[in-house]
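What follows is structure_5.cif (mmCIF, C-alpha atoms).
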```
data_entry
#
loop_
_atom_site.label_atom_id
_atom_site.label_comp_id
_atom_site.auth_asym_id
_atom_site.auth_seq_id
_atom_site.Cartn_x
_atom_site.Cartn_y
_atom_site.Cartn_z
CA MET A 1 -6.73 18.48 -0.97
CA ARG A 2 -7.05 21.75 0.95
CA THR A 3 -4.54 20.50 3.52
CA GLY A 4 -2.07 19.60 0.78
CA PHE A 5 -2.42 23.01 -0.84
CA ALA A 6 -1.98 24.75 2.50
CA LEU A 7 1.21 22.82 3.22
CA PHE A 8 2.55 23.66 -0.23
CA ALA A 9 1.74 27.36 0.23
CA MET A 10 3.49 27.35 3.61
CA SER A 11 6.57 25.79 2.03
CA LEU A 12 6.76 28.71 -0.40
CA VAL A 13 7.11 31.29 2.39
CA PRO A 14 10.88 30.93 2.96
CA PHE A 15 11.40 30.60 -0.80
CA ALA A 16 9.62 33.92 -1.41
CA GLY A 17 11.76 35.58 1.26
CA LEU A 18 14.90 34.89 -0.77
CA SER A 19 13.86 37.51 -3.33
CA SER A 20 15.11 40.25 -1.00
CA ALA A 21 18.76 41.21 -0.78
CA THR A 22 21.08 39.63 1.76
CA THR A 23 23.48 41.92 3.62
CA PHE A 24 27.14 40.90 3.93
CA LEU A 25 29.31 42.70 6.47
CA PHE A 26 33.07 42.91 5.90
CA THR A 27 35.43 43.85 8.73
CA THR A 28 39.06 43.09 9.60
CA ALA A 29 37.83 39.75 10.95
CA SER A 30 36.22 38.73 7.66
CA PRO A 31 37.77 36.23 5.24
CA GLY A 32 38.11 37.04 1.57
CA VAL A 33 39.35 40.62 1.95
CA ASN A 34 42.28 41.60 -0.28
CA TYR A 35 44.58 44.61 -0.16
CA ALA A 36 45.69 46.82 -3.05
CA VAL A 37 48.25 49.57 -3.48
CA ASN A 38 49.34 51.57 -6.48
CA ASN A 39 52.69 53.36 -6.44
CA PRO A 40 55.28 54.32 -9.09
CA THR A 41 56.52 50.71 -9.04
CA GLY A 42 53.16 49.28 -10.07
CA PHE A 43 49.70 48.19 -8.94
CA PHE A 44 49.62 45.26 -6.52
CA VAL A 45 46.88 43.07 -5.04
CA SER A 46 47.52 40.68 -2.14
CA SER A 47 45.58 38.64 0.39
CA ALA A 48 47.97 40.05 3.02
CA PRO A 49 48.41 43.71 4.06
CA ILE A 50 50.79 45.75 1.90
CA SER A 51 53.08 48.47 3.20
CA SER A 52 55.28 50.80 1.16
CA PRO A 53 56.55 54.37 1.63
CA LEU A 54 54.10 55.91 -0.84
CA ALA A 55 51.04 53.70 -0.35
CA SER A 56 49.95 51.16 2.22
CA ALA A 57 46.86 49.05 2.88
CA ASP A 58 46.99 47.45 6.30
CA GLN A 59 44.84 46.93 9.37
CA SER A 60 45.05 48.09 12.95
CA GLY A 61 42.70 46.74 15.56
CA THR A 62 39.20 46.73 14.11
CA SER A 63 39.95 49.04 11.16
CA PHE A 64 41.55 48.81 7.77
CA THR A 65 44.20 51.55 7.60
CA LEU A 66 44.97 53.20 4.27
CA SER A 67 47.49 55.83 3.25
CA ALA A 68 48.43 57.28 -0.12
CA THR A 69 51.06 59.97 -0.53
CA ALA A 70 51.20 62.06 -3.68
CA PRO A 71 54.67 61.28 -5.08
CA THR A 72 56.83 63.83 -6.85
CA THR A 73 56.23 61.92 -10.08
CA GLY A 74 53.63 59.27 -10.75
CA TYR A 75 50.59 58.25 -8.79
CA SER A 76 49.59 56.35 -5.65
CA ASP A 77 46.45 54.89 -4.14
CA ALA A 78 45.50 52.35 -1.48
CA GLY A 79 42.38 50.31 -0.90
CA ILE A 80 40.79 47.03 0.01
CA VAL A 81 39.20 44.67 -2.50
CA LEU A 82 36.12 42.51 -1.98
CA TYR A 83 35.06 39.54 -4.15
CA PHE A 84 38.44 39.25 -5.85
CA ASN A 85 37.64 35.52 -6.01
CA GLY A 86 34.76 36.21 -8.40
CA GLY A 87 32.06 35.25 -5.89
CA LEU A 88 29.69 38.09 -6.83
CA THR A 89 28.10 38.89 -10.18
CA LEU A 90 27.26 42.38 -11.32
CA GLY A 91 23.58 41.48 -11.52
CA GLN A 92 23.56 40.39 -7.89
CA LEU A 93 25.04 43.64 -6.57
CA GLN A 94 22.43 45.92 -4.99
CA ASP A 95 24.12 48.38 -2.62
CA VAL A 96 27.52 49.13 -1.09
CA ALA A 97 28.13 51.23 2.04
CA VAL A 98 31.55 52.11 3.48
CA VAL A 99 31.96 53.22 7.10
CA THR A 100 35.10 55.38 7.36
CA ASP A 101 36.58 58.16 9.46
CA ASN A 102 37.33 60.19 6.32
CA PRO A 103 34.25 60.11 4.04
CA SER A 104 35.43 62.96 1.81
CA ALA A 105 38.51 60.97 0.83
CA MET A 106 36.80 57.65 0.09
CA ASN A 107 36.36 56.36 -3.47
CA ILE A 108 34.57 53.25 -4.75
CA ASN A 109 35.64 51.48 -7.94
CA LEU A 110 34.23 48.40 -9.64
CA TRP A 111 36.21 45.79 -11.57
CA VAL A 112 34.16 43.86 -14.11
CA ASP A 113 35.22 40.56 -15.70
CA THR A 114 34.17 41.61 -19.20
CA GLY A 115 36.90 39.30 -20.53
CA GLY A 116 34.86 36.34 -19.34
CA ASP A 117 37.69 34.17 -17.98
CA GLY A 118 36.53 34.21 -14.35
CA GLN A 119 39.46 36.37 -13.21
CA PHE A 120 40.17 40.06 -12.89
CA PHE A 121 42.93 41.49 -15.08
CA ALA A 122 46.37 39.80 -15.36
CA PHE A 123 48.99 39.69 -12.59
CA ASP A 124 52.51 38.33 -12.37
CA GLY A 125 53.85 36.08 -9.60
CA THR A 126 54.41 39.04 -7.25
CA GLY A 127 50.80 40.21 -7.49
CA MET A 128 51.65 43.13 -9.79
CA LEU A 129 49.19 44.09 -12.52
CA THR A 130 50.48 43.34 -16.02
CA GLY A 131 47.38 44.10 -18.10
CA LEU A 132 43.59 44.37 -18.15
CA ASN A 133 43.18 41.12 -20.10
CA GLY A 134 39.91 42.22 -21.65
CA ASP A 135 38.38 43.31 -18.34
CA SER A 136 37.03 46.73 -17.36
CA TYR A 137 37.30 48.96 -14.33
CA GLY A 138 35.74 52.24 -13.38
CA SER A 139 35.33 54.74 -10.59
CA PHE A 140 32.21 56.21 -9.01
CA GLY A 141 34.33 59.04 -7.64
CA GLN A 142 34.44 60.24 -4.06
CA THR A 143 31.61 58.41 -2.34
CA THR A 144 30.91 56.02 0.50
CA SER A 145 27.94 54.27 -1.11
CA LEU A 146 26.68 52.74 -4.33
CA SER A 147 23.19 51.97 -5.59
CA ALA A 148 21.57 51.22 -8.95
CA SER A 149 21.28 54.94 -9.73
CA SER A 150 24.96 55.71 -9.03
CA VAL A 151 26.73 57.31 -12.01
CA PRO A 152 30.39 56.41 -12.74
CA ALA A 153 32.99 59.12 -13.11
CA PHE A 154 34.58 56.94 -15.81
CA PHE A 155 34.81 53.36 -17.05
CA THR A 156 37.33 51.72 -19.35
CA ALA A 157 36.36 49.81 -22.48
CA PRO A 158 34.47 47.68 -23.20
CA ALA A 159 32.19 48.55 -20.27
CA SER A 160 32.57 52.26 -21.03
CA ALA A 161 29.86 51.93 -23.67
CA HIS A 162 27.38 50.78 -21.02
CA SER A 163 28.17 52.95 -18.03
CA THR A 164 25.56 55.68 -17.74
CA SER A 165 24.77 54.21 -14.31
CA LEU A 166 25.33 51.10 -12.23
CA ALA A 167 21.94 49.83 -13.44
CA ASP A 168 23.08 50.27 -17.05
CA LEU A 169 26.20 48.19 -16.37
CA GLN A 170 24.10 45.52 -14.69
CA ASN A 171 21.74 45.30 -17.66
CA SER A 172 24.69 44.86 -20.01
CA TYR A 173 26.77 42.43 -17.91
CA PRO A 174 24.40 40.76 -15.41
CA ASN A 175 26.42 37.54 -15.13
CA ALA A 176 29.93 39.05 -15.14
CA PRO A 177 31.85 38.65 -11.86
CA VAL A 178 32.50 41.99 -10.17
CA ALA A 179 35.01 43.07 -7.51
CA ILE A 180 34.62 46.11 -5.25
CA TRP A 181 37.57 48.40 -4.52
CA ALA A 182 37.21 51.00 -1.76
CA GLY A 183 40.06 53.34 -0.95
CA ILE A 184 41.88 56.64 -1.30
CA THR A 185 43.78 58.14 -4.22
CA ASN A 186 46.90 60.25 -4.63
CA ALA A 187 46.00 62.90 -2.07
CA GLY A 188 48.67 62.64 0.60
CA ILE A 189 46.03 61.53 3.11
CA SER A 190 44.99 58.56 5.19
CA ALA A 191 41.70 56.92 6.09
CA ASP A 192 40.42 54.11 8.25
CA ILE A 193 37.62 51.82 7.13
CA SER A 194 35.80 50.08 9.97
CA SER A 195 33.36 48.11 7.80
CA ILE A 196 31.83 47.68 4.36
CA THR A 197 28.34 46.28 3.84
CA VAL A 198 27.26 44.77 0.54
CA ASP A 199 23.65 44.00 -0.27
CA ALA A 200 23.31 41.26 -2.86
CA THR A 201 20.57 39.02 -4.19
CA PRO A 202 20.99 35.22 -4.27
CA GLU A 203 22.24 33.45 -7.37
CA PRO A 204 19.42 32.57 -9.82
CA ALA A 205 20.64 28.98 -9.56
CA SER A 206 19.74 29.03 -5.87
CA PHE A 207 16.15 29.81 -6.75
CA LEU A 208 16.07 26.98 -9.27
CA LEU A 209 17.47 24.43 -6.83
CA ILE A 210 15.13 25.45 -4.03
CA GLY A 211 12.16 25.57 -6.40
CA ALA A 212 12.99 22.09 -7.72
CA GLY A 213 13.22 20.82 -4.18
CA LEU A 214 9.82 22.25 -3.29
CA ILE A 215 8.26 20.70 -6.38
CA SER A 216 9.77 17.32 -5.47
CA ILE A 217 8.40 17.59 -1.94
CA THR A 218 4.96 18.43 -3.31
CA ILE A 219 5.01 15.45 -5.69
CA ILE A 220 6.08 13.10 -2.91
CA PHE A 221 3.33 14.48 -0.64
CA ARG A 222 0.66 14.01 -3.30
CA ARG A 223 1.82 10.47 -4.10
CA GLY A 224 1.75 9.59 -0.43
CA ARG A 225 -1.73 11.05 -0.07
CA SER A 226 -2.91 9.19 -3.19
CA ASN A 227 -1.50 5.89 -1.92
CA THR A 228 -3.19 6.40 1.45
CA GLN A 229 -6.59 7.08 -0.16
CA SER A 230 -6.32 4.02 -2.44
CA ARG A 231 -5.80 1.65 0.45
#
```
Please lay out the structure from this file as structure tokens.
Amino acid sequence: MRTGFALFAMSLVPFAGLSSATTFLFTTASPGVNYAVNNPTGFFVSSAPISSPLASADQSGTSFTLSATAPTTGYSDAGIVLYFNGGLTLGQLQDVAVVTDNPSAMNINLWVDTGGDGQFFAFDGTGMLTGLNGDSYGSFGQTTSLSASSVPAFFTAPASAHSTSLADLQNSYPNAPVAIWAGITNAGISADISSITVDATPEPASFLLIGAGLISITIIFRRGRSNTQSR
């Protein structure tokens, strides 16, 4: 019996380790990175680099290269977008850190699928934004990092009512997919991003599946031990 308990306790060690955050590193070699530019024509998101006279989001060597020129009229910005496929929930997000050659120009925004359709906003066939579609977005201002205590500069409705901090947003929308935008805005400047790290906890479903597997293993072990003793 002691041996069985010891084996079961040992099997819980890797399971317990999953409670800590996992770090994901995004570079120009990483899949799943999208590009975004905003110019007087509109706001665009693409899986391929975007270049235009007033805003561009591209890559050169091992860096993402961004430029945004303040137009005579209108607005421009440029950035890269992570988790545009909805692969991260707001409750999973722990920390974000951007490595850039121009920290004072960097901004971090979050897009939250408050509309609940599994997608961010509405886009036409060219990748141009046509509406928020019930979703929310907000900015944490000029920063290169996010944590639970980070305070947004603004957030659109409906998330605006729950945006005193990142932790507040997470408590209100723990299961809503979230995308991370990092870039520069309307300042006639440029910046290179060499990497972005995201710390995230595993999906709760992962814990359930692993836990169920461990319970099954324990039951099988006990049955085998019982059968051996009855012989």
* Identify, on the basis of all atoms listed in the file, every residue whose closest approach to A:Tyr83 does not exceed 10 Å; exclude the query and any residue fewer than 4 positions from it along the same chain; express the result as a list in words. => Gly32, Val33, Asn34, Gly87, Leu88, Thr89, Trp111, Pro177, Val178, Ala179, Ile180 and Trp181 of chain A
Which residues fall under the PyMOL selection byres ((chain A and resi 65) around 8) in this file, as a compact mmCIF listing (two decimals) with C-alpha atoms, in the frame of the given file?
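Written file, result-v7.txt:
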```txt
# COMPACT_ATOMS: atom_id res chain seq x y z
CA SER A 56 49.95 51.16 2.22
CA ALA A 57 46.86 49.05 2.88
CA ASP A 58 46.99 47.45 6.30
CA GLN A 59 44.84 46.93 9.37
CA SER A 60 45.05 48.09 12.95
CA SER A 63 39.95 49.04 11.16
CA PHE A 64 41.55 48.81 7.77
CA LEU A 66 44.97 53.20 4.27
CA SER A 67 47.49 55.83 3.25
CA SER A 190 44.99 58.56 5.19
CA ALA A 191 41.70 56.92 6.09
CA ASP A 192 40.42 54.11 8.25
CA ILE A 193 37.62 51.82 7.13
```
* Report the residues retrieved by the PyMOL selection byres ((chain A and resi 165) around 6) from the displayed file, expressed as a list in words. => Ser149, Ser150, Val151, Ser163, Thr164, Leu166, Ala167 and Asp168 of chain A
Could you save those same residues with C-alpha atoms as a PDB file, in the coordinates of the input?
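Result went into out-v1.pdb, see below:
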```
ATOM      1  CA  SER A 149      21.280  54.940  -9.730  1.00  0.00           C
ATOM      2  CA  SER A 150      24.960  55.710  -9.030  1.00  0.00           C
ATOM      3  CA  VAL A 151      26.730  57.310 -12.010  1.00  0.00           C
ATOM      4  CA  SER A 163      28.170  52.950 -18.030  1.00  0.00           C
ATOM      5  CA  THR A 164      25.560  55.680 -17.740  1.00  0.00           C
ATOM      6  CA  LEU A 166      25.330  51.100 -12.230  1.00  0.00           C
ATOM      7  CA  ALA A 167      21.940  49.830 -13.440  1.00  0.00           C
ATOM      8  CA  ASP A 168      23.080  50.270 -17.050  1.00  0.00           C
TER       9      ASP A 168
END
```
* Expand the PyMOL selection byres ((chain A and resi 113) around 12) into the individual residues it matches in the shown file, reporting them as a PyMOL selection string. => chain A and resi 83-90+110-112+114-122+132-138+156-159+169+173-180
* Please provide as a ChimeraX atom specification all residues within 7 Å of stretch 102-107 of chain A, with the sequence filter that same-chain residues fewer than 5 positions apart are discarded (counting only C-alpha atoms). => /A:140-144,182-184,191
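Excluding A:Val98 itself and any same-chain residue fewer than 4 positions from it, the protein and nucleic acid residues within 7 Å of it, counting all atoms listed in the file, are A:Thr144, A:Ser145, A:Ser195, A:Ile196, A:Thr197.
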* To do: Name all residues at most 9 Å from stretch 40-50 of chain A (count only C-alpha atoms; drop same-chain ones fewer than 4 positions away) and give them as a PyMOL selection string.
  => chain A and resi 32-36+54-59+71+73-77+80-81+123+126-130
Report, as JSON, the centre and edge lengths in Å (one decimal) of the axis-aligned box enclosing every listed atom of stretch 65-69 of chain A, padded by 6 Å on each side.
```
{"center_x": 47.6, "center_y": 55.8, "center_z": 3.5, "size_x": 18.9, "size_y": 20.4, "size_z": 20.1}
```
* To do: Could you please give me, as a PyMOL selection string, the residues of protein, DNA or RNA lying at most 6 Å from (31.6, 53.4, -12.8) in the coordinate frame of the file, considering all atoms listed in the file?
  => chain A and resi 138-140+152-155
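Closest to A:Ser147 among A:Ser194, A:Gln94, A:Asn171, A:Asn38 is A:Gln94, based on all atoms listed in the file.
Atom CA of A:Thr201 is found 12.7 Å from atom CA of A:Val96.
Shortest separation to A:Asn109 among A:Thr185, A:Gln170, A:Thr69, A:Ser51 occurs at residue A:Thr185, atoms counted being only C-alpha atoms.
Atom CA of A:Asn186 lies 8.6 Å from atom CA of A:Ala78.
If you look at atom CA of A:Phe24 and atom CA of A:Val99, they are 13.6 Å away from each other.
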